[in-house]
>>> print(open('query-v9.cif').read())   # mmCIF, C-alpha atoms
data_work
#
loop_
_atom_site.label_atom_id
_atom_site.label_comp_id
_atom_site.auth_asym_id
_atom_site.auth_seq_id
_atom_site.Cartn_x
_atom_site.Cartn_y
_atom_site.Cartn_z
CA MET A 1 3.02 -13.23 25.64
CA ALA A 2 0.95 -14.27 22.60
CA THR A 3 -2.56 -12.99 22.05
CA HIS A 4 -5.24 -15.48 23.10
CA ILE A 5 -8.20 -15.46 20.69
CA ILE A 6 -11.73 -16.61 21.53
CA ALA A 7 -14.37 -16.72 18.80
CA VAL A 8 -18.00 -16.65 19.91
CA ILE A 9 -19.81 -18.23 17.01
CA ASN A 10 -23.07 -19.83 15.94
CA GLN A 11 -24.70 -19.91 12.52
CA LYS A 12 -28.09 -19.43 14.20
CA GLY A 13 -29.15 -15.96 15.31
CA GLY A 14 -30.67 -15.36 18.74
CA ALA A 15 -28.37 -17.71 20.63
CA GLY A 16 -26.77 -14.92 22.69
CA LYS A 17 -23.41 -14.53 20.96
CA THR A 18 -23.02 -10.83 21.70
CA THR A 19 -24.11 -11.21 25.32
CA VAL A 20 -21.52 -13.92 25.85
CA ALA A 21 -18.81 -12.06 23.92
CA MET A 22 -19.23 -8.73 25.70
CA ASN A 23 -19.45 -10.08 29.24
CA LEU A 24 -16.62 -12.53 28.58
CA ALA A 25 -14.47 -9.65 27.34
CA ALA A 26 -15.32 -7.59 30.41
CA GLY A 27 -14.16 -10.44 32.64
CA LEU A 28 -10.98 -10.93 30.66
CA ALA A 29 -10.28 -7.19 30.81
CA ARG A 30 -10.00 -7.53 34.59
CA ARG A 31 -6.97 -9.72 33.92
CA ASP A 32 -5.23 -8.04 30.98
CA ASP A 33 -5.74 -5.83 27.91
CA THR A 34 -8.74 -7.14 25.98
CA LEU A 35 -10.29 -6.25 22.63
CA VAL A 36 -13.67 -7.21 21.21
CA LEU A 37 -13.69 -7.36 17.42
CA ASP A 38 -17.24 -6.96 16.15
CA LEU A 39 -17.40 -9.05 12.97
CA ASP A 40 -21.16 -8.78 12.53
CA PRO A 41 -22.42 -6.21 9.99
CA GLN A 42 -25.20 -5.37 12.48
CA ALA A 43 -22.46 -4.06 14.82
CA SER A 44 -24.26 -5.17 17.99
CA SER A 45 -21.09 -5.08 20.12
CA ARG A 46 -20.25 -1.57 18.96
CA GLN A 47 -23.79 -0.40 19.70
CA TRP A 48 -23.69 -2.03 23.14
CA ALA A 49 -20.43 -0.30 24.08
CA SER A 50 -21.66 3.07 22.77
CA LEU A 51 -24.62 3.13 25.17
CA GLY A 52 -22.63 3.30 28.38
CA SER A 53 -22.08 6.52 30.30
CA ALA A 54 -18.53 5.27 31.03
CA PRO A 55 -16.08 3.43 28.76
CA PHE A 56 -16.71 -0.30 28.41
CA PRO A 57 -14.05 -2.35 30.29
CA ALA A 58 -12.73 -3.86 27.06
CA THR A 59 -11.94 -1.99 23.86
CA VAL A 60 -14.54 -2.64 21.14
CA LYS A 61 -13.79 -2.21 17.44
CA GLN A 62 -15.39 -3.28 14.19
CA ILE A 63 -13.45 -4.97 11.44
CA ASN A 64 -14.52 -5.06 7.80
CA GLY A 65 -13.08 -6.33 4.55
CA LYS A 66 -10.80 -9.29 4.00
CA TRP A 67 -8.39 -10.50 6.66
CA ASP A 68 -6.81 -13.74 7.84
CA ALA A 69 -5.29 -15.26 10.95
CA LYS A 70 -1.84 -13.82 10.26
CA THR A 71 -3.05 -10.23 9.88
CA LEU A 72 -5.26 -10.60 12.94
CA HIS A 73 -2.29 -11.59 15.10
CA GLN A 74 -0.11 -8.87 13.61
CA ASN A 75 -2.62 -6.03 13.91
CA TYR A 76 -3.79 -6.76 17.45
CA LYS A 77 -0.72 -8.22 19.13
CA ALA A 78 -0.82 -5.45 21.74
CA TYR A 79 -3.82 -7.17 23.34
CA ARG A 80 -3.53 -10.24 25.55
CA HIS A 81 -7.11 -11.34 24.87
CA LEU A 82 -9.07 -10.97 21.65
CA VAL A 83 -12.79 -11.84 21.57
CA LEU A 84 -14.40 -12.23 18.14
CA ASP A 85 -18.16 -11.59 18.03
CA CYS A 86 -19.03 -13.48 14.85
CA PRO A 87 -21.96 -12.94 12.45
CA PRO A 88 -24.80 -15.52 12.37
CA SER A 89 -23.58 -17.13 9.16
CA LEU A 90 -20.99 -19.76 8.32
CA GLU A 91 -20.90 -18.54 4.73
CA SER A 92 -19.30 -15.26 5.77
CA HIS A 93 -15.59 -14.63 5.35
CA ALA A 94 -15.45 -13.42 8.96
CA SER A 95 -16.85 -16.61 10.52
CA LEU A 96 -14.62 -18.92 8.51
CA GLN A 97 -11.51 -16.87 9.23
CA ALA A 98 -12.42 -16.62 12.92
CA LEU A 99 -12.31 -20.42 13.20
CA ARG A 100 -8.95 -20.47 11.47
CA ALA A 101 -7.53 -17.79 13.77
CA CYS A 102 -8.90 -18.60 17.22
CA ASP A 103 -7.57 -20.70 20.07
CA VAL A 104 -11.07 -21.39 21.40
CA ALA A 105 -14.47 -21.39 19.72
CA LEU A 106 -17.39 -20.91 22.10
CA ILE A 107 -20.79 -21.86 20.66
CA PRO A 108 -23.72 -20.46 22.67
CA VAL A 109 -26.86 -22.57 22.23
CA LEU A 110 -30.30 -22.41 23.79
CA PRO A 111 -31.27 -25.53 25.80
CA SER A 112 -33.50 -26.79 23.00
CA PRO A 113 -32.65 -29.67 20.64
CA ILE A 114 -34.23 -27.73 17.76
CA ASP A 115 -31.81 -24.84 18.32
CA LEU A 116 -28.86 -27.21 18.54
CA TRP A 117 -29.84 -29.15 15.43
CA ALA A 118 -30.08 -25.83 13.57
CA SER A 119 -26.34 -25.47 14.14
CA LEU A 120 -25.27 -28.92 12.96
CA ARG A 121 -23.01 -27.55 10.22
CA LEU A 122 -20.64 -26.10 12.81
CA PRO A 123 -18.85 -29.34 13.82
CA GLY A 124 -17.90 -29.94 10.19
CA GLU A 125 -16.58 -26.39 9.81
CA ILE A 126 -14.59 -26.75 13.03
CA GLU A 127 -12.99 -29.97 11.80
CA GLU A 128 -12.16 -28.28 8.51
CA ALA A 129 -10.57 -25.34 10.36
CA ARG A 130 -8.47 -27.74 12.46
CA LYS A 131 -6.65 -28.84 9.32
CA THR A 132 -4.78 -25.53 9.39
CA ASN A 133 -5.48 -24.43 13.00
CA LYS A 134 -4.25 -27.36 15.08
CA ARG A 135 -4.69 -25.58 18.42
CA LEU A 136 -8.42 -24.92 17.98
CA ARG A 137 -10.61 -26.12 20.87
CA ALA A 138 -14.40 -25.83 20.70
CA PHE A 139 -17.08 -25.91 23.40
CA LEU A 140 -20.84 -25.55 23.58
CA VAL A 141 -22.13 -22.99 26.09
CA LEU A 142 -25.68 -23.66 27.24
CA ASN A 143 -27.39 -20.27 27.42
CA GLN A 144 -30.61 -19.02 29.01
CA LEU A 145 -30.97 -22.04 31.28
CA GLU A 146 -34.01 -22.03 33.51
CA PRO A 147 -33.30 -22.52 37.24
CA LYS A 148 -33.95 -26.08 38.47
CA SER A 149 -34.86 -27.20 34.97
CA ALA A 150 -33.18 -30.44 33.89
CA LEU A 151 -32.14 -30.87 30.28
CA SER A 152 -34.52 -33.08 28.36
CA ALA A 153 -33.50 -36.47 27.02
CA ALA A 154 -33.87 -35.02 23.53
CA MET A 155 -31.38 -32.27 24.39
CA HIS A 156 -28.88 -34.81 25.72
CA ASP A 157 -29.27 -36.79 22.48
CA ALA A 158 -28.77 -33.63 20.42
CA ILE A 159 -25.59 -32.75 22.35
CA ALA A 160 -24.24 -36.27 21.77
CA GLU A 161 -25.01 -35.96 18.07
CA PHE A 162 -23.28 -32.59 17.91
CA GLY A 163 -20.03 -34.16 19.10
CA ILE A 164 -18.53 -31.07 20.76
CA PRO A 165 -17.96 -30.93 24.54
CA VAL A 166 -20.19 -28.77 26.72
CA LEU A 167 -18.73 -26.39 29.29
CA GLU A 168 -19.63 -27.37 32.82
CA THR A 169 -20.80 -23.80 33.43
CA GLY A 170 -24.04 -22.76 31.79
CA ILE A 171 -25.58 -19.30 31.65
CA ARG A 172 -28.89 -18.87 33.45
CA ARG A 173 -31.77 -16.87 32.07
CA ARG A 174 -31.29 -13.64 34.04
CA ALA A 175 -32.84 -10.24 33.43
CA ILE A 176 -29.55 -8.63 34.48
CA TYR A 177 -27.93 -9.65 31.18
CA ARG A 178 -30.57 -7.69 29.25
CA SER A 179 -30.27 -4.75 31.65
CA ALA A 180 -26.50 -4.64 31.18
CA ALA A 181 -26.90 -4.54 27.40
CA LEU A 182 -29.46 -1.74 27.60
CA GLU A 183 -27.14 0.30 29.84
CA GLY A 184 -24.06 -0.35 27.72
CA VAL A 185 -22.16 -2.06 30.53
CA SER A 186 -21.18 -5.57 31.61
CA VAL A 187 -22.68 -7.55 34.48
CA TYR A 188 -19.45 -6.84 36.38
CA GLN A 189 -20.43 -3.17 36.51
CA MET A 190 -23.92 -3.85 37.90
CA GLY A 191 -22.84 -4.21 41.52
CA GLY A 192 -24.64 -6.71 43.70
CA ARG A 193 -27.38 -7.12 41.09
CA GLY A 194 -24.88 -8.57 38.67
CA ALA A 195 -22.93 -10.72 41.13
CA LEU A 196 -24.48 -14.09 40.22
CA ALA A 197 -24.16 -13.41 36.50
CA ALA A 198 -20.55 -12.26 36.92
CA ALA A 199 -19.80 -15.48 38.80
CA GLU A 200 -21.10 -17.47 35.81
CA ILE A 201 -18.85 -15.56 33.43
CA GLU A 202 -15.87 -16.00 35.76
CA ALA A 203 -16.48 -19.76 35.86
CA ILE A 204 -16.56 -19.87 32.05
CA ILE A 205 -13.30 -17.93 31.83
CA ASN A 206 -11.66 -20.28 34.33
CA GLU A 207 -12.80 -23.30 32.30
CA VAL A 208 -11.64 -21.88 28.99
CA ILE A 209 -8.43 -20.08 29.98
CA ALA A 210 -7.16 -22.24 32.80
CA SER A 211 -7.73 -25.58 31.08
#
>>> encode(input="query-v9.cif", output="structure tokens")
Amino acid sequence: MATHIIAVINQKGGAGKTTVAMNLAAGLARRDDTLVLDLDPQASSRQWASLGSAPFPATVKQINGKWDAKTLHQNYKAYRHLVLDCPPSLESHASLQALRACDVALIPVLPSPIDLWASLRLPGEIEEARKTNKRLRAFLVLNQLEPKSALSAAMHDAIAEFGIPVLETGIRRRAIYRSAALEGVSVYQMGGRGALAAAEIEAIINEVIAS
């Protein structure tokens, strides 16, 4: 079975890419062999995985230098799922190649029109990548949603302007996500405390993988 590649990408820092990538990978690892490729020079995914007292559910590696979609598929074909934690820059080789290699691009954004407008170059880059990567699907993931807080009219307008569909499942602002990162684990490993967060990640996986 071919490797399924998900790129977690946003040109803006602070949107929660690594949090989404690591917990998504942990959920996928419950299904089949999963690898996180840390493409960010800051190596946040590697640092996260190194903090745990037990091995992280998914394998986490860093990749440097030049590579392309073909070498990515060849080098990591042993894994069913590959999650790419991209750097906060569209100018980087890694981000551009990730869009050309992936099946799905997930774009975490904070529920603020200013944050979304700061990422307005992404739709153009996704369309450019689709010229060579016909299978590429892209979705916005609303991150750090406040409970019972409706999206503003300005946010709805910004989403419409962005022109990329939004996953039905959003990620709530939960302290457990920060706790998991500090402990080097996923929300799946946090027992009952992480149950609601794990359910969010499961819903995202079902939307992205099952659709």
>>> closest_residue(input="query-v9.cif", among="A:Met22, A:Leu140, A:Leu82, A:Val36", to="A:Gly170", atoms="only C-alpha atoms")
A:Leu140
>>> closest_residue(input="query-v9.cif", among="A:Arg100, A:Pro88, A:Pro113, A:Ile159", to="A:Lys131", atoms="all atoms listed in the file")
A:Arg100
>>> resolve_selection(input="query-v9.cif", expression="the PyMOL selection byres ((chain A and resi 118) around 12)", output="list in words")
Asn10, Gln11, Lys12, Gly13, Gly14, Ala15, Pro88, Ser89, Val109, Leu110, Ser112, Pro113, Ile114, Asp115, Leu116, Trp117, Ser119, Leu120, Arg121, Leu122, Pro123, Ala158 and Phe162 of chain A
>>> residues_around(input="query-v9.cif", residues="stretch 193-195 of chain A", least_positions_apart="6", cutoff="12 Å", atoms="all atoms listed in the file", output="PDB file with C-alpha atoms, keeping the file's coordinate frame")
ATOM      1  CA  ASN A  23     -19.450 -10.080  29.240  1.00  0.00           C
ATOM      2  CA  ARG A 174     -31.290 -13.640  34.040  1.00  0.00           C
ATOM      3  CA  ALA A 175     -32.840 -10.240  33.430  1.00  0.00           C
ATOM      4  CA  ILE A 176     -29.550  -8.630  34.480  1.00  0.00           C
ATOM      5  CA  TYR A 177     -27.930  -9.650  31.180  1.00  0.00           C
ATOM      6  CA  ARG A 178     -30.570  -7.690  29.250  1.00  0.00           C
ATOM      7  CA  SER A 179     -30.270  -4.750  31.650  1.00  0.00           C
ATOM      8  CA  ALA A 180     -26.500  -4.640  31.180  1.00  0.00           C
ATOM      9  CA  VAL A 185     -22.160  -2.060  30.530  1.00  0.00           C
ATOM     10  CA  SER A 186     -21.180  -5.570  31.610  1.00  0.00           C
ATOM     11  CA  VAL A 187     -22.680  -7.550  34.480  1.00  0.00           C
ATOM     12  CA  ILE A 201     -18.850 -15.560  33.430  1.00  0.00           C
ATOM     13  CA  GLU A 202     -15.870 -16.000  35.760  1.00  0.00           C
TER      14      GLU A 202
END
>>> residues_near_point(input="query-v9.cif", point="(-16.3, -13.2, 23.4)", cutoff="7 Å", atoms="all atoms listed in the file", output="ChimeraX atom specification")
/A:6-8,20-22,24-25,36,83-85
>>> resolve_selection(input="query-v9.cif", expression="the PyMOL selection byres ((chain A and resi 45) around 8)", output="PyMOL selection string")
chain A and resi 18+22+36+38+43-44+46-49+60+85
>>> resolve_selection(input="query-v9.cif", expression="the PyMOL selection byres ((chain A and resi 137) around 7)", output="PyMOL selection string")
chain A and resi 103-105+135-136+138-139
>>> write_last_selection(input="query-v9.cif", atoms="C-alpha atoms", output="PDB file, in the frame of the given file")
ATOM      1  CA  ASP A 103      -7.570 -20.700  20.070  1.00  0.00           C
ATOM      2  CA  VAL A 104     -11.070 -21.390  21.400  1.00  0.00           C
ATOM      3  CA  ALA A 105     -14.470 -21.390  19.720  1.00  0.00           C
ATOM      4  CA  ARG A 135      -4.690 -25.580  18.420  1.00  0.00           C
ATOM      5  CA  LEU A 136      -8.420 -24.920  17.980  1.00  0.00           C
ATOM      6  CA  ALA A 138     -14.400 -25.830  20.700  1.00  0.00           C
ATOM      7  CA  PHE A 139     -17.080 -25.910  23.400  1.00  0.00           C
TER       8      PHE A 139
END
>>> closest_residue(input="query-v9.cif", among="A:Ala26, A:Lys17, A:His81, A:Val166", to="A:Ile209", atoms="only C-alpha atoms")
A:His81
>>> closest_residue(input="query-v9.cif", among="A:Val141, A:Ile5, A:Ala160, A:Cys86", to="A:Leu28", atoms="all atoms listed in the file")
A:Ile5
>>> atom_distance(input="query-v9.cif", atom1="atom CA of A:Val208", atom2="atom CA of A:Gly191")
24.4 Å
>>> atom_distance(input="query-v9.cif", atom1="atom CA of A:Ala199", atom2="atom CA of A:Thr3")
24.2 Å
>>> atom_distance(input="query-v9.cif", atom1="atom CA of A:Arg130", atom2="atom CA of A:Ala69")
13.0 Å
>>> closest_residue(input="query-v9.cif", among="A:Asn64, A:Thr169, A:Ser95, A:Gln42", to="A:Asn143", atoms="only C-alpha atoms")
A:Thr169
>>> closest_residue(input="query-v9.cif", among="A:Pro87, A:Pro111, A:Gly163, A:Pro55", to="A:Pro41", atoms="all atoms listed in the file")
A:Pro87
>>> residues_around(input="query-v9.cif", residues="A:Glu146", least_positions_apart="2", cutoff="9 Å", atoms="all atoms listed in the file", output="list in words")
Pro111, Gln144, Lys148, Ser149, Ala150, Arg172, Arg173 and Arg174 of chain A
